[in-house]
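Structure data follow from coords_22.pdb (PDB, C-alpha atoms):
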ATOM      1  CA  MET A  31       8.093  25.744  26.958  1.00  0.00           C
ATOM      2  CA  THR A  32       5.446  27.040  29.374  1.00  0.00           C
ATOM      3  CA  LYS A  33       5.801  25.723  32.878  1.00  0.00           C
ATOM      4  CA  ARG A  34       2.807  23.577  33.756  1.00  0.00           C
ATOM      5  CA  GLU A  35       0.906  24.438  36.910  1.00  0.00           C
ATOM      6  CA  ALA A  36       0.945  21.531  39.345  1.00  0.00           C
ATOM      7  CA  ASN A  37      -2.320  19.758  40.070  1.00  0.00           C
ATOM      8  CA  ALA A  38      -3.715  20.058  43.543  1.00  0.00           C
ATOM      9  CA  ARG A  39      -3.360  17.102  45.891  1.00  0.00           C
ATOM     10  CA  GLY A  40      -5.915  14.452  45.026  1.00  0.00           C
ATOM     11  CA  ASP A  41      -6.105  15.469  41.353  1.00  0.00           C
ATOM     12  CA  GLY A  42      -4.309  12.364  40.130  1.00  0.00           C
ATOM     13  CA  ASP A  43      -7.194  11.374  37.876  1.00  0.00           C
ATOM     14  CA  ARG A  44      -7.108  14.786  36.211  1.00  0.00           C
ATOM     15  CA  LEU A  45      -3.383  14.445  35.561  1.00  0.00           C
ATOM     16  CA  ARG A  46      -3.940  11.011  34.052  1.00  0.00           C
ATOM     17  CA  GLU A  47      -6.510  12.465  31.640  1.00  0.00           C
ATOM     18  CA  GLN A  48      -4.098  15.254  30.718  1.00  0.00           C
ATOM     19  CA  LEU A  49      -1.324  12.747  30.038  1.00  0.00           C
ATOM     20  CA  VAL A  50      -3.590  10.647  27.828  1.00  0.00           C
ATOM     21  CA  ALA A  51      -4.721  13.780  25.957  1.00  0.00           C
ATOM     22  CA  ALA A  52      -1.138  14.952  25.425  1.00  0.00           C
ATOM     23  CA  ALA A  53       0.006  11.504  24.265  1.00  0.00           C
ATOM     24  CA  SER A  54      -2.999  11.341  21.932  1.00  0.00           C
ATOM     25  CA  ASP A  55      -2.058  14.654  20.344  1.00  0.00           C
ATOM     26  CA  LEU A  56       1.467  13.366  19.712  1.00  0.00           C
ATOM     27  CA  LEU A  57       0.454   9.903  18.468  1.00  0.00           C
ATOM     28  CA  LEU A  58      -2.416  11.024  16.248  1.00  0.00           C
ATOM     29  CA  ALA A  59      -0.604  13.892  14.537  1.00  0.00           C
ATOM     30  CA  PRO A  60       0.386  12.976  10.943  1.00  0.00           C
ATOM     31  CA  GLN A  61       3.983  11.803  10.991  1.00  0.00           C
ATOM     32  CA  ALA A  62       6.454  12.640   8.266  1.00  0.00           C
ATOM     33  CA  LEU A  63       8.069   9.559   6.790  1.00  0.00           C
ATOM     34  CA  ALA A  64      11.807   9.603   7.352  1.00  0.00           C
ATOM     35  CA  ALA A  65      13.394   8.847   3.996  1.00  0.00           C
ATOM     36  CA  PRO A  66      17.120   8.047   3.931  1.00  0.00           C
ATOM     37  CA  SER A  67      19.342  10.933   2.956  1.00  0.00           C
ATOM     38  CA  LEU A  68      21.656  10.645  -0.017  1.00  0.00           C
ATOM     39  CA  ARG A  69      24.575  10.773   2.404  1.00  0.00           C
ATOM     40  CA  ALA A  70      23.182   7.814   4.336  1.00  0.00           C
ATOM     41  CA  VAL A  71      22.750   5.838   1.120  1.00  0.00           C
ATOM     42  CA  ALA A  72      26.292   6.760   0.073  1.00  0.00           C
ATOM     43  CA  ARG A  73      27.643   5.509   3.431  1.00  0.00           C
ATOM     44  CA  ALA A  74      25.727   2.237   2.998  1.00  0.00           C
ATOM     45  CA  CYS A  75      27.466   1.766  -0.370  1.00  0.00           C
ATOM     46  CA  SER A  76      30.860   2.951   0.941  1.00  0.00           C
ATOM     47  CA  VAL A  77      31.040   5.708  -1.651  1.00  0.00           C
ATOM     48  CA  SER A  78      31.188   9.477  -1.436  1.00  0.00           C
ATOM     49  CA  PRO A  79      27.974  11.563  -1.619  1.00  0.00           C
ATOM     50  CA  ALA A  80      29.273  12.983  -4.900  1.00  0.00           C
ATOM     51  CA  ALA A  81      29.084   9.506  -6.429  1.00  0.00           C
ATOM     52  CA  VAL A  82      25.354   9.358  -5.692  1.00  0.00           C
ATOM     53  CA  TYR A  83      24.763  12.622  -7.540  1.00  0.00           C
ATOM     54  CA  LEU A  84      26.256  11.086 -10.675  1.00  0.00           C
ATOM     55  CA  HIS A  85      23.143   8.894 -10.845  1.00  0.00           C
ATOM     56  CA  PHE A  86      20.424  10.776  -8.950  1.00  0.00           C
ATOM     57  CA  ALA A  87      19.868  14.522  -8.952  1.00  0.00           C
ATOM     58  CA  SER A  88      17.928  14.491  -5.679  1.00  0.00           C
ATOM     59  CA  GLN A  89      16.697  12.371  -2.810  1.00  0.00           C
ATOM     60  CA  GLN A  90      13.258  12.259  -4.454  1.00  0.00           C
ATOM     61  CA  ASP A  91      14.736  10.869  -7.667  1.00  0.00           C
ATOM     62  CA  LEU A  92      16.398   8.057  -5.724  1.00  0.00           C
ATOM     63  CA  ILE A  93      13.210   7.270  -3.786  1.00  0.00           C
ATOM     64  CA  ARG A  94      11.244   7.215  -7.030  1.00  0.00           C
ATOM     65  CA  ALA A  95      13.729   4.693  -8.437  1.00  0.00           C
ATOM     66  CA  VAL A  96      13.198   2.461  -5.385  1.00  0.00           C
ATOM     67  CA  VAL A  97       9.401   2.620  -5.740  1.00  0.00           C
ATOM     68  CA  VAL A  98       9.613   1.857  -9.469  1.00  0.00           C
ATOM     69  CA  ALA A  99      11.908  -1.119  -8.800  1.00  0.00           C
ATOM     70  CA  GLN A 100       9.482  -2.555  -6.247  1.00  0.00           C
ATOM     71  CA  LEU A 101       6.512  -2.006  -8.558  1.00  0.00           C
ATOM     72  CA  ASP A 102       8.386  -3.814 -11.317  1.00  0.00           C
ATOM     73  CA  ALA A 103       8.972  -6.723  -8.943  1.00  0.00           C
ATOM     74  CA  LEU A 104       5.256  -6.864  -8.126  1.00  0.00           C
ATOM     75  CA  ARG A 105       4.244  -6.691 -11.781  1.00  0.00           C
ATOM     76  CA  ALA A 106       6.666  -9.485 -12.629  1.00  0.00           C
ATOM     77  CA  ASP A 107       4.999 -11.703 -10.040  1.00  0.00           C
ATOM     78  CA  LEU A 108       1.457 -11.033 -11.229  1.00  0.00           C
ATOM     79  CA  PRO A 109      -0.306 -12.682 -14.168  1.00  0.00           C
ATOM     80  CA  ARG A 110      -0.758 -10.223 -17.000  1.00  0.00           C
ATOM     81  CA  LEU A 111      -4.483 -10.805 -17.532  1.00  0.00           C
ATOM     82  CA  ASP A 112      -3.599 -11.390 -21.166  1.00  0.00           C
ATOM     83  CA  ASP A 113      -5.490 -14.633 -21.781  1.00  0.00           C
ATOM     84  CA  PRO A 114      -9.089 -13.744 -22.656  1.00  0.00           C
ATOM     85  CA  SER A 115      -9.858 -17.422 -23.211  1.00  0.00           C
ATOM     86  CA  LEU A 116      -9.915 -17.967 -19.442  1.00  0.00           C
ATOM     87  CA  PRO A 117     -13.130 -17.286 -17.524  1.00  0.00           C
ATOM     88  CA  LEU A 118     -13.138 -13.791 -16.013  1.00  0.00           C
ATOM     89  CA  ARG A 119     -13.532 -15.083 -12.466  1.00  0.00           C
ATOM     90  CA  GLU A 120     -10.528 -17.387 -12.837  1.00  0.00           C
ATOM     91  CA  ARG A 121      -8.373 -14.573 -14.230  1.00  0.00           C
ATOM     92  CA  LEU A 122      -9.321 -12.153 -11.457  1.00  0.00           C
ATOM     93  CA  GLU A 123      -8.961 -14.761  -8.721  1.00  0.00           C
ATOM     94  CA  GLU A 124      -5.424 -15.586  -9.835  1.00  0.00           C
ATOM     95  CA  TYR A 125      -4.587 -11.896  -9.939  1.00  0.00           C
ATOM     96  CA  ALA A 126      -6.085 -11.247  -6.501  1.00  0.00           C
ATOM     97  CA  VAL A 127      -4.402 -14.220  -4.836  1.00  0.00           C
ATOM     98  CA  ARG A 128      -0.971 -13.392  -6.252  1.00  0.00           C
ATOM     99  CA  TYR A 129      -1.351  -9.717  -5.300  1.00  0.00           C
ATOM    100  CA  ALA A 130      -2.215 -10.513  -1.676  1.00  0.00           C
ATOM    101  CA  GLU A 131       0.449 -13.211  -1.387  1.00  0.00           C
ATOM    102  CA  TRP A 132       3.116 -10.862  -2.757  1.00  0.00           C
ATOM    103  CA  GLY A 133       2.164  -8.154  -0.284  1.00  0.00           C
ATOM    104  CA  VAL A 134       2.305 -10.466   2.730  1.00  0.00           C
ATOM    105  CA  ALA A 135       5.593 -11.985   1.535  1.00  0.00           C
ATOM    106  CA  HIS A 136       7.127  -8.521   0.941  1.00  0.00           C
ATOM    107  CA  PRO A 137       5.606  -6.339   3.692  1.00  0.00           C
ATOM    108  CA  GLY A 138       8.236  -3.608   3.544  1.00  0.00           C
ATOM    109  CA  ALA A 139       7.944  -3.228  -0.220  1.00  0.00           C
ATOM    110  CA  TYR A 140       4.149  -3.331  -0.081  1.00  0.00           C
ATOM    111  CA  GLN A 141       3.992  -0.646   2.586  1.00  0.00           C
ATOM    112  CA  LEU A 142       6.427   1.535   0.661  1.00  0.00           C
ATOM    113  CA  ILE A 143       4.447   1.289  -2.578  1.00  0.00           C
ATOM    114  CA  PHE A 144       0.883   1.481  -1.315  1.00  0.00           C
ATOM    115  CA  GLU A 145       1.058   3.104   2.114  1.00  0.00           C
ATOM    116  CA  SER A 146       4.025   5.494   2.045  1.00  0.00           C
ATOM    117  CA  ALA A 147       4.807   6.663  -1.489  1.00  0.00           C
ATOM    118  CA  ASP A 148       2.381   9.598  -1.390  1.00  0.00           C
ATOM    119  CA  ARG A 149       3.976  10.849   1.829  1.00  0.00           C
ATOM    120  CA  LEU A 150       7.347  10.784   0.110  1.00  0.00           C
ATOM    121  CA  GLY A 151       6.224  13.354  -2.422  1.00  0.00           C
ATOM    122  CA  LEU A 152       5.528  10.912  -5.264  1.00  0.00           C
ATOM    123  CA  ASP A 153       1.990  12.137  -5.725  1.00  0.00           C
ATOM    124  CA  ASP A 154       1.911  13.254  -9.356  1.00  0.00           C
ATOM    125  CA  HIS A 155      -1.037  11.810 -11.291  1.00  0.00           C
ATOM    126  CA  ASP A 156       1.200   9.889 -13.662  1.00  0.00           C
ATOM    127  CA  GLU A 157       3.192   8.382 -10.802  1.00  0.00           C
ATOM    128  CA  ARG A 158       0.385   6.931  -8.713  1.00  0.00           C
ATOM    129  CA  PRO A 159       1.689   3.508  -7.688  1.00  0.00           C
ATOM    130  CA  GLY A 160       0.188   0.606  -9.556  1.00  0.00           C
ATOM    131  CA  TRP A 161      -2.384   2.578 -11.539  1.00  0.00           C
ATOM    132  CA  ASP A 162      -1.574   0.577 -14.658  1.00  0.00           C
ATOM    133  CA  MET A 163      -2.579  -2.585 -12.782  1.00  0.00           C
ATOM    134  CA  ILE A 164      -5.977  -1.096 -12.003  1.00  0.00           C
ATOM    135  CA  ASP A 165      -6.334  -0.278 -15.705  1.00  0.00           C
ATOM    136  CA  ALA A 166      -5.561  -3.925 -16.528  1.00  0.00           C
ATOM    137  CA  VAL A 167      -8.272  -5.155 -14.156  1.00  0.00           C
ATOM    138  CA  ALA A 168     -10.751  -2.651 -15.594  1.00  0.00           C
ATOM    139  CA  ALA A 169     -10.015  -3.924 -19.090  1.00  0.00           C
ATOM    140  CA  ALA A 170     -10.490  -7.525 -17.931  1.00  0.00           C
ATOM    141  CA  LEU A 171     -13.816  -6.697 -16.289  1.00  0.00           C
ATOM    142  CA  HIS A 172     -15.143  -5.196 -19.502  1.00  0.00           C
ATOM    143  CA  GLY A 173     -13.168  -7.106 -22.108  1.00  0.00           C
ATOM    144  CA  ASP A 174     -11.985  -3.808 -23.516  1.00  0.00           C
ATOM    145  CA  PRO A 175      -8.467  -2.331 -23.278  1.00  0.00           C
ATOM    146  CA  GLY A 176     -10.033   1.133 -23.546  1.00  0.00           C
ATOM    147  CA  ALA A 177     -12.598   0.598 -20.779  1.00  0.00           C
ATOM    148  CA  GLY A 178     -14.024   3.866 -19.482  1.00  0.00           C
ATOM    149  CA  ALA A 179     -14.528   5.607 -16.153  1.00  0.00           C
ATOM    150  CA  ALA A 180     -17.154   3.178 -14.826  1.00  0.00           C
ATOM    151  CA  ALA A 181     -14.785   0.243 -15.350  1.00  0.00           C
ATOM    152  CA  ALA A 182     -11.987   2.112 -13.581  1.00  0.00           C
ATOM    153  CA  ILE A 183     -14.263   2.747 -10.602  1.00  0.00           C
ATOM    154  CA  GLN A 184     -15.187  -0.939 -10.386  1.00  0.00           C
ATOM    155  CA  ALA A 185     -11.548  -1.987 -10.649  1.00  0.00           C
ATOM    156  CA  THR A 186     -10.533   0.549  -8.001  1.00  0.00           C
ATOM    157  CA  ARG A 187     -13.177  -0.780  -5.598  1.00  0.00           C
ATOM    158  CA  LEU A 188     -11.856  -4.292  -6.102  1.00  0.00           C
ATOM    159  CA  TRP A 189      -8.331  -3.057  -5.385  1.00  0.00           C
ATOM    160  CA  VAL A 190      -9.530  -1.226  -2.250  1.00  0.00           C
ATOM    161  CA  ALA A 191     -10.928  -4.491  -0.887  1.00  0.00           C
ATOM    162  CA  LEU A 192      -7.777  -6.428  -1.750  1.00  0.00           C
ATOM    163  CA  HIS A 193      -5.615  -3.710  -0.244  1.00  0.00           C
ATOM    164  CA  GLY A 194      -7.619  -3.890   2.983  1.00  0.00           C
ATOM    165  CA  LEU A 195      -7.116  -7.656   3.118  1.00  0.00           C
ATOM    166  CA  THR A 196      -3.395  -7.422   2.396  1.00  0.00           C
ATOM    167  CA  SER A 197      -2.713  -4.511   4.735  1.00  0.00           C
ATOM    168  CA  LEU A 198      -4.554  -6.127   7.641  1.00  0.00           C
ATOM    169  CA  ARG A 199      -2.663  -9.381   7.146  1.00  0.00           C
ATOM    170  CA  ILE A 200       0.597  -7.429   7.244  1.00  0.00           C
ATOM    171  CA  HIS A 201      -0.220  -5.268  10.261  1.00  0.00           C
ATOM    172  CA  LYS A 202      -2.217  -7.804  12.309  1.00  0.00           C
ATOM    173  CA  GLN A 203       0.038 -10.815  12.143  1.00  0.00           C
ATOM    174  CA  GLY A 204      -0.716 -11.654  15.766  1.00  0.00           C
ATOM    175  CA  SER A 205      -4.428 -12.045  15.038  1.00  0.00           C
ATOM    176  CA  ILE A 206      -5.974 -15.482  14.742  1.00  0.00           C
ATOM    177  CA  TRP A 207      -7.131 -15.678  11.129  1.00  0.00           C
ATOM    178  CA  THR A 208      -9.725 -18.406  10.654  1.00  0.00           C
ATOM    179  CA  THR A 209      -9.489 -18.387   6.858  1.00  0.00           C
ATOM    180  CA  ASP A 210      -6.606 -18.708   4.410  1.00  0.00           C
ATOM    181  CA  LEU A 211      -5.339 -15.664   2.553  1.00  0.00           C
ATOM    182  CA  ASP A 212      -6.110 -17.143  -0.868  1.00  0.00           C
ATOM    183  CA  GLU A 213      -9.615 -18.104   0.276  1.00  0.00           C
ATOM    184  CA  ASP A 214     -10.280 -14.517   1.332  1.00  0.00           C
ATOM    185  CA  ALA A 215      -8.894 -13.107  -1.933  1.00  0.00           C
ATOM    186  CA  ARG A 216     -11.117 -15.407  -3.983  1.00  0.00           C
ATOM    187  CA  ALA A 217     -14.142 -14.486  -1.865  1.00  0.00           C
ATOM    188  CA  ILE A 218     -13.485 -10.780  -2.494  1.00  0.00           C
ATOM    189  CA  VAL A 219     -13.453 -11.399  -6.245  1.00  0.00           C
ATOM    190  CA  ALA A 220     -16.703 -13.397  -6.048  1.00  0.00           C
ATOM    191  CA  LEU A 221     -18.419 -10.666  -4.030  1.00  0.00           C
ATOM    192  CA  HIS A 222     -17.206  -7.980  -6.403  1.00  0.00           C
ATOM    193  CA  LEU A 223     -18.356  -9.819  -9.512  1.00  0.00           C
ATOM    194  CA  ALA A 224     -21.770 -10.361  -7.918  1.00  0.00           C
ATOM    195  CA  ALA A 225     -21.971  -6.659  -7.003  1.00  0.00           C
ATOM    196  CA  VAL A 226     -21.308  -5.539 -10.581  1.00  0.00           C
ATOM    197  CA  GLY A 227     -23.629  -8.144 -12.059  1.00  0.00           C
ATOM    198  CA  ALA A 228     -20.935 -10.263 -13.702  1.00  0.00           C
ATOM    199  CA  ASP A 229     -21.189 -14.050 -13.585  1.00  0.00           C
ATOM    200  CA  GLY A 230     -17.458 -14.568 -14.068  1.00  0.00           C
ATOM    201  CA  ALA A 231     -17.969 -17.284 -16.658  1.00  0.00           C
TER     202      ALA A 231
END
Rewritten as structure tokens:
Amino acid sequence: MTKREANARGDGDRLREQLVAAASDLLLAPQALAAPSLRAVARACSVSPAAVYLHFASQQDLIRAVVVAQLDALRADLPRLDDPSLPLRERLEEYAVRYAEWGVAHPGAYQLIFESADRLGLDDHDERPGWDMIDAVAAALHGDPGAGAAAAIQATRLWVALHGLTSLRIHKQGSIWTTDLDEDARAIVALHLAAVGADGA
């Protein structure tokens, strides 16, 4: 480490700027997510590390199993969008409200699935978290299970808005929210349907 040259007397303001700049460099640099080692997981279960390897070949395999388990829990709590007799707006509103409520009720799981999984190396196309749910929304928007690229874009934009709502509610719990979570989720659906020219009936 290079020894820093001392500031001249009276250069306190310059030192303050240097400290802020150095702290900024450290805080703003992308941080690697610290995933638990297999040994740590083995200790938590009071078993030997060898026992873990009987079930998981690597740390990534174990992490993937955790992400899949949390995704399954989210899917189980969401309506399946499988009742075409309901008005589109009602179907999407129910989906949006349940999605946001689940995220706020399970902040750790939500952050793992939608904010951390890519940094854990689970970035293969077929393993993108929740992509099947976006496909379900796309199909609902167009009434077609095989909806194309345009439908996927519309569904992704709706998810982006819902993710923003959910993530902010998780990370800004000290803020004074003047609207209810379900009210905001329903408003996002209404705005989206208006933007794509759907009446939601």
Spell out the residues picked by the PyMOL selection byres ((chain A and resi 222) around 12) here, as a tab-separated table (two decimals) with C-alpha atoms, in the coordinates of the input.
chain	number	residue	atom	x	y	z
A	118	LEU	CA	-13.14	-13.79	-16.01
A	119	ARG	CA	-13.53	-15.08	-12.47
A	122	LEU	CA	-9.32	-12.15	-11.46
A	123	GLU	CA	-8.96	-14.76	-8.72
A	126	ALA	CA	-6.08	-11.25	-6.50
A	171	LEU	CA	-13.82	-6.70	-16.29
A	183	ILE	CA	-14.26	2.75	-10.60
A	184	GLN	CA	-15.19	-0.94	-10.39
A	185	ALA	CA	-11.55	-1.99	-10.65
A	186	THR	CA	-10.53	0.55	-8.00
A	187	ARG	CA	-13.18	-0.78	-5.60
A	188	LEU	CA	-11.86	-4.29	-6.10
A	189	TRP	CA	-8.33	-3.06	-5.38
A	190	VAL	CA	-9.53	-1.23	-2.25
A	191	ALA	CA	-10.93	-4.49	-0.89
A	192	LEU	CA	-7.78	-6.43	-1.75
A	215	ALA	CA	-8.89	-13.11	-1.93
A	216	ARG	CA	-11.12	-15.41	-3.98
A	217	ALA	CA	-14.14	-14.49	-1.86
A	218	ILE	CA	-13.48	-10.78	-2.49
A	219	VAL	CA	-13.45	-11.40	-6.24
A	220	ALA	CA	-16.70	-13.40	-6.05
A	221	LEU	CA	-18.42	-10.67	-4.03
A	223	LEU	CA	-18.36	-9.82	-9.51
A	224	ALA	CA	-21.77	-10.36	-7.92
A	225	ALA	CA	-21.97	-6.66	-7.00
A	226	VAL	CA	-21.31	-5.54	-10.58
A	227	GLY	CA	-23.63	-8.14	-12.06
A	228	ALA	CA	-20.94	-10.26	-13.70
A	229	ASP	CA	-21.19	-14.05	-13.58
A	230	GLY	CA	-17.46	-14.57	-14.07
Could you tell me how far CA of Pro60 in chain A sits from CA of Tyr129 in chain A, in Å to one decimal place?
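Separating CA of Tyr129 in chain A from CA of Pro60 in chain A is a distance of 28.0 Å.
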Given the PyMOL selection byres ((chain A and resi 109) around 10) and the file above, list the residues it selects as a PyMOL selection string.
chain A and resi 105-108+110-113+121-122+124-126+128-129
Result set, the PyMOL selection byres ((chain A and resi 72) around 12) on current file, as a list in words
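Evaluating the PyMOL selection byres ((chain A and resi 72) around 12) on these coordinates yields Pro66, Ser67, Leu68, Arg69, Ala70, Val71, Arg73, Ala74, Cys75, Ser76, Val77, Ser78, Pro79, Ala80, Ala81, Val82, Tyr83, Leu84, His85, Phe86, Gln89 and Leu92 of chain A.
Excluding Gln141 in chain A itself and any same-chain residue fewer than 6 positions from it, the protein and nucleic acid residues within 12 Å of it, counting only C-alpha atoms, are A:Leu63, A:Val97, A:Gln100, A:Leu101, A:Trp132, A:Gly133, A:Val134, A:Ala135, A:Ala147, A:Asp148, A:Arg149, A:Pro159, A:His193, A:Thr196, A:Ser197, A:Leu198, A:Arg199, A:Ile200, A:His201.
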Find the distance between CA of Gly178 in chain A and CA of Tyr140 in chain A and write it in Å to one decimal.
27.5 Å
What separates CA of Ala130 in chain A and CA of His172 in chain A is a distance of 22.7 Å
